[in-house]
Amino acid sequence: MKLLFCSHLDDPNEWIPELKKHMPDLEIEVWPKVADPKAIDAILVWLPPAEGGLGLFPNLKVIQSLGAGVNQLDLKSLPRHIPLARLVDPGLTTSMRDYCVWAVMRHYRGLDVHAEHQPQKKWVYYIPPPKSAVSVGVMGLGELGGNVARALVDLGFSVRGWARSPKKLEGVACFWGPEGLKDFASKTEILVCLLPLTPETRGILARPLFDMLPKGAKLINVGRGGHQVEADLLAALESGRIAAATLDVFSTEPLPPEHPFWTHPKVTVTPHVAAFGSAVTAAPVVIENLRRAVARKPLLNQVDIDRGY
Ligand code: NDP
Ligand code: OXD
């Protein structure tokens with residue numbers, strides 16, 4: 001089997017030995033050096049080639065995303081007969097949990113306010129309420145959101161979650177569908193977005209949702225930049241409806257230097273680093289999917305193209 005590694009973000013030197021460890025006879029080429037596009041059976045991809053896309057490889061049997069999110073692959077343009085899997089990697093799940101716990105804790109403990117006070121040499125006490133009195137709402141209860149919600153329950157927060165279909169998660173008050181959004185949001189003091197970007201979720205972090213939240217709620221967006229309507233967020237920060245935001249994803253990445261988020265006193269910017277995978281933990285899952293594709297079995301974490309995630 002011949003695999004093409006195609007990413008400007010991930011390091012093939014890290015991946016190739018790990019993939020070969022689990023499938024020693026796997027042949028691997030690294031984009032853009034492809035001897036014969038017709039010989040490529042599988043692609044491990046973050047972004048397809050800008051010119052020609054995946055159509056360059058007429059005999060592909062499987063598309064394995066290097067991302068947990070797959071919106072960057074432009075699902076509508078993909079050949080429908082080739083199965084696509086998103087990446088579920090225990091390392092990525094753990095790093096996302098850690099980032100979200102850090103961001104929630106930072107808002108909960110008022111650490112950004114202390115950081116503001118430091119240059120002014122201000123010694124100001126802020127003692128937060130008990131964690132059980134603080135409600136954190138997680139949008140998206142899949143691999144990543146479910147894990148974050150469980151970690152927040154373990155820390156003692158009052159946790160709510162919102163998904164597309166009915167869910168049961170121990171210790172989490174679950175809501176689902178458009179009809180459940182208002183009840184979910186009305187008591188969410190710290191909102192974490194871990195949704196996939198689909199036509200249904202694009203622009204969801206906007207004024208109608210902000211108006212459902214208690215005044216002064218905090219926002220953590222680690223989903224995709226396309227979830228947030230930036231003008232609405234800036235207005236909500238201005239009015240105090242949203243007290244502070246931690247943003248890891250943006251509609252344009254890298255975030256342009258002139259963008260107001262960079263210097264906004266109530267916004268923390270991180271450069272799309274909330275979670276990172278590791279070839280060590282992800283390679284076994286990728287190899288299992290190559291085997292499944294050859295055997296024409298459903299892939300692990302196969303994307304439902306119509307649903308968009
Ligand atoms: P999953 O597919 O496992 O979970 C998605 C969740 O979102 C599911 O619970 C699903 O509901 C819910 N959902 C989807 N559509 C809707 C909708 N219309 N309304 C309500 N809920 C909806 O994805 P992951 O947890 O693996 O990843 C989530 C996203 O995190 C990725 O798509 C990506 O955008 C982002 N991400 C960001 C990273 C970063 O570094 N910032 C790194 C990795 C991922 P249901 O359970 O009912 O299907
Ligand atoms: C992903 C990401 O989707 O890093 O994996 O954003």
# chains A, B, ... in the order shown; residues from 1 in each chain; ligands from 1
>>> residues_around(residues="Leu26 in chain A", least_positions_apart="4", cutoff="7 Å", atoms="only C-alpha atoms", output="PyMOL selection string")
chain A and resi 1-2+20
>>> closest_atom_pairs(of="chain A", to="ligand 1", cutoff="6 Å", atoms="only C-alpha atoms and all ligand atoms", output="CSV")
residue,atom,partner,partner_atom_place_in_ligand_line,distance
A:Ala68,CA,ligand 1,44 (C),4.6
A:Gly69,CA,ligand 1,32 (O),3.4
A:Gly140,CA,ligand 1,7 (O),3.5
A:Leu141,CA,ligand 1,9 (O),3.5
A:Gly142,CA,ligand 1,4 (O),3.2
A:Glu143,CA,ligand 1,3 (O),3.9
A:Leu144,CA,ligand 1,25 (O),3.6
A:Gly145,CA,ligand 1,25 (O),5.2
A:Trp162,CA,ligand 1,21 (N),5.9
A:Ala163,CA,ligand 1,21 (N),3.4
A:Arg164,CA,ligand 1,47 (O),3.6
A:Ser165,CA,ligand 1,47 (O),3.5
A:Gly177,CA,ligand 1,19 (N),5.5
A:Leu194,CA,ligand 1,30 (O),4.7
A:Leu195,CA,ligand 1,7 (O),4.3
A:Pro196,CA,ligand 1,32 (O),3.2
A:Leu197,CA,ligand 1,34 (O),5.7
A:Glu200,CA,ligand 1,18 (N),4.9
A:Thr201,CA,ligand 1,18 (N),5.2
A:Val222,CA,ligand 1,41 (N),4.2
A:Gly223,CA,ligand 1,35 (C),4.0
A:Arg224,CA,ligand 1,34 (O),5.0
A:Asp248,CA,ligand 1,41 (N),5.7
A:Val249,CA,ligand 1,41 (N),5.9
A:His272,CA,ligand 1,41 (N),5.1
A:Val273,CA,ligand 1,40 (O),4.8
A:Ala274,CA,ligand 1,40 (O),4.1
A:Ala275,CA,ligand 1,40 (O),4.0
A:Tyr309,CA,ligand 1,2 (O),5.4
>>> write_last_selection(atoms="N, CA, C and O atoms", output="JSON list (two decimals), in the first residue's frame")
[["chain", "number", "residue", "atom", "x", "y", "z"],
["A", 68, "ALA", "N", -8.72, 16.70, 13.78],
["A", 68, "ALA", "CA", -9.98, 16.21, 14.34],
["A", 68, "ALA", "C", -11.13, 16.86, 13.59],
["A", 68, "ALA", "O", -12.16, 16.25, 13.33],
["A", 69, "GLY", "N", -10.94, 18.12, 13.22],
["A", 69, "GLY", "CA", -11.91, 18.81, 12.39],
["A", 69, "GLY", "C", -11.61, 18.50, 10.93],
["A", 69, "GLY", "O", -10.46, 18.28, 10.56],
["A", 140, "GLY", "N", -20.92, 20.88, 22.07],
["A", 140, "GLY", "CA", -20.23, 19.76, 21.41],
["A", 140, "GLY", "C", -19.81, 18.78, 22.48],
["A", 140, "GLY", "O", -18.99, 19.12, 23.35],
["A", 141, "LEU", "N", -20.40, 17.59, 22.47],
["A", 141, "LEU", "CA", -20.10, 16.58, 23.50],
["A", 141, "LEU", "C", -19.53, 15.33, 22.86],
["A", 141, "LEU", "O", -19.87, 14.21, 23.23],
["A", 142, "GLY", "N", -18.67, 15.53, 21.84],
["A", 142, "GLY", "CA", -18.07, 14.40, 21.15],
["A", 142, "GLY", "C", -16.78, 13.98, 21.84],
["A", 142, "GLY", "O", -16.64, 14.10, 23.07],
["A", 143, "GLU", "N", -15.85, 13.51, 21.05],
["A", 143, "GLU", "CA", -14.57, 13.03, 21.59],
["A", 143, "GLU", "C", -13.93, 14.11, 22.48],
["A", 143, "GLU", "O", -13.54, 13.84, 23.61],
["A", 144, "LEU", "N", -13.85, 15.34, 21.98],
["A", 144, "LEU", "CA", -13.15, 16.38, 22.73],
["A", 144, "LEU", "C", -14.05, 17.04, 23.78],
["A", 144, "LEU", "O", -13.68, 17.14, 24.95],
["A", 145, "GLY", "N", -15.24, 17.48, 23.35],
["A", 145, "GLY", "CA", -16.14, 18.16, 24.28],
["A", 145, "GLY", "C", -16.56, 17.25, 25.43],
["A", 145, "GLY", "O", -16.64, 17.70, 26.59],
["A", 162, "TRP", "N", -24.18, 20.67, 25.40],
["A", 162, "TRP", "CA", -25.14, 20.78, 24.29],
["A", 162, "TRP", "C", -24.62, 20.00, 23.09],
["A", 162, "TRP", "O", -23.44, 20.12, 22.73],
["A", 163, "ALA", "N", -25.45, 19.17, 22.51],
["A", 163, "ALA", "CA", -25.05, 18.37, 21.35],
["A", 163, "ALA", "C", -26.18, 18.40, 20.32],
["A", 163, "ALA", "O", -27.18, 19.13, 20.48],
["A", 164, "ARG", "N", -26.00, 17.61, 19.26],
["A", 164, "ARG", "CA", -27.02, 17.58, 18.21],
["A", 164, "ARG", "C", -28.11, 16.56, 18.55],
["A", 164, "ARG", "O", -29.28, 16.77, 18.32],
["A", 165, "SER", "N", -27.66, 15.46, 19.17],
["A", 165, "SER", "CA", -28.61, 14.39, 19.50],
["A", 165, "SER", "C", -28.61, 14.17, 21.02],
["A", 165, "SER", "O", -27.67, 14.58, 21.70],
["A", 177, "GLY", "N", -30.03, 19.88, 20.29],
["A", 177, "GLY", "CA", -30.81, 20.45, 19.20],
["A", 177, "GLY", "C", -31.07, 21.93, 19.38],
["A", 177, "GLY", "O", -30.88, 22.49, 20.46],
["A", 194, "LEU", "N", -16.78, 23.61, 21.43],
["A", 194, "LEU", "CA", -16.03, 22.48, 20.86],
["A", 194, "LEU", "C", -16.87, 21.77, 19.81],
["A", 194, "LEU", "O", -16.94, 20.54, 19.77],
["A", 195, "LEU", "N", -17.52, 22.60, 18.98],
["A", 195, "LEU", "CA", -18.34, 22.06, 17.90],
["A", 195, "LEU", "C", -17.48, 21.88, 16.65],
["A", 195, "LEU", "O", -16.48, 22.58, 16.48],
["A", 196, "PRO", "N", -17.90, 20.99, 15.76],
["A", 196, "PRO", "CA", -17.28, 21.00, 14.42],
["A", 196, "PRO", "C", -17.89, 22.14, 13.61],
["A", 196, "PRO", "O", -19.02, 22.56, 13.90],
["A", 197, "LEU", "N", -17.17, 22.61, 12.61],
["A", 197, "LEU", "CA", -17.73, 23.68, 11.76],
["A", 197, "LEU", "C", -18.52, 23.04, 10.62],
["A", 197, "LEU", "O", -17.95, 22.34, 9.78],
["A", 200, "GLU", "N", -24.63, 24.06, 9.83],
["A", 200, "GLU", "CA", -25.53, 24.33, 10.96],
["A", 200, "GLU", "C", -24.86, 25.12, 12.09],
["A", 200, "GLU", "O", -25.52, 25.82, 12.84],
["A", 201, "THR", "N", -23.55, 24.95, 12.24],
["A", 201, "THR", "CA", -22.89, 25.59, 13.39],
["A", 201, "THR", "C", -22.13, 26.86, 13.01],
["A", 201, "THR", "O", -21.68, 27.59, 13.89],
["A", 222, "VAL", "N", -12.59, 27.13, 21.07],
["A", 222, "VAL", "CA", -11.51, 26.26, 20.60],
["A", 222, "VAL", "C", -12.02, 25.39, 19.45],
["A", 222, "VAL", "O", -11.38, 24.41, 19.08],
["A", 223, "GLY", "N", -13.20, 25.74, 18.90],
["A", 223, "GLY", "CA", -13.77, 24.96, 17.79],
["A", 223, "GLY", "C", -13.12, 25.41, 16.48],
["A", 223, "GLY", "O", -12.05, 24.93, 16.10],
["A", 224, "ARG", "N", -13.77, 26.35, 15.81],
["A", 224, "ARG", "CA", -13.22, 26.92, 14.58],
["A", 224, "ARG", "C", -13.57, 28.40, 14.56],
["A", 224, "ARG", "O", -14.59, 28.82, 15.14],
["A", 248, "ASP", "N", -8.84, 30.64, 20.44],
["A", 248, "ASP", "CA", -7.72, 29.90, 19.86],
["A", 248, "ASP", "C", -7.86, 29.79, 18.34],
["A", 248, "ASP", "O", -6.92, 29.39, 17.67],
["A", 249, "VAL", "N", -9.05, 30.12, 17.83],
["A", 249, "VAL", "CA", -9.33, 29.93, 16.40],
["A", 249, "VAL", "C", -9.99, 31.19, 15.84],
["A", 249, "VAL", "O", -10.73, 31.87, 16.54],
["A", 272, "HIS", "N", -4.11, 28.92, 17.55],
["A", 272, "HIS", "CA", -4.62, 27.59, 17.15],
["A", 272, "HIS", "C", -3.69, 26.48, 17.68],
["A", 272, "HIS", "O", -3.19, 25.65, 16.90],
["A", 273, "VAL", "N", -3.50, 26.53, 18.99],
["A", 273, "VAL", "CA", -2.61, 25.53, 19.61],
["A", 273, "VAL", "C", -3.30, 24.80, 20.76],
["A", 273, "VAL", "O", -2.64, 24.15, 21.55],
["A", 274, "ALA", "N", -4.63, 24.94, 20.85],
["A", 274, "ALA", "CA", -5.32, 24.36, 22.02],
["A", 274, "ALA", "C", -5.02, 22.88, 22.13],
["A", 274, "ALA", "O", -4.81, 22.36, 23.22],
["A", 275, "ALA", "N", -4.99, 22.20, 20.99],
["A", 275, "ALA", "CA", -4.71, 20.75, 21.05],
["A", 275, "ALA", "C", -3.70, 20.40, 19.98],
["A", 275, "ALA", "O", -3.67, 21.02, 18.92],
["A", 309, "TYR", "N", -19.53, 16.17, 9.80],
["A", 309, "TYR", "CA", -18.56, 15.88, 10.85],
["A", 309, "TYR", "C", -18.57, 14.40, 11.18],
["A", 309, "TYR", "O", -19.45, 13.67, 10.70]]
>>> select_by_dssp(residues="range 85-243 of chain A", states="helix (DSSP H, G or I)", output="PyMOL selection string")
chain A and resi 90-108+111-120+131-133+143-155+177-186+207-212+225-227+230-239
>>> closest_residue(among="A:Pro284, A:Pro17, A:Pro58, A:Gly171", to="Asp89 in chain A", atoms="only C-alpha atoms")
A:Pro284
>>> residues_around(residues="range 131-137 of chain A", least_positions_apart="4", cutoff="12 Å", atoms="only C-alpha atoms", output="ChimeraX atom specification")
/A:100-101,103-105,107-109,127,141,145-146,148-163,171-175,181-194,213-214,217-221
>>> closest_residue(among="A:Gly110, A:Leu3, A:Leu66, A:Tyr126", to="ligand 2", atoms="only C-alpha atoms and all ligand atoms")
A:Leu66
>>> closest_residue(among="A:Ile287, A:Val88, A:Leu111, A:Ala295", to="ligand 2", atoms="only C-alpha atoms and all ligand atoms")
A:Val88
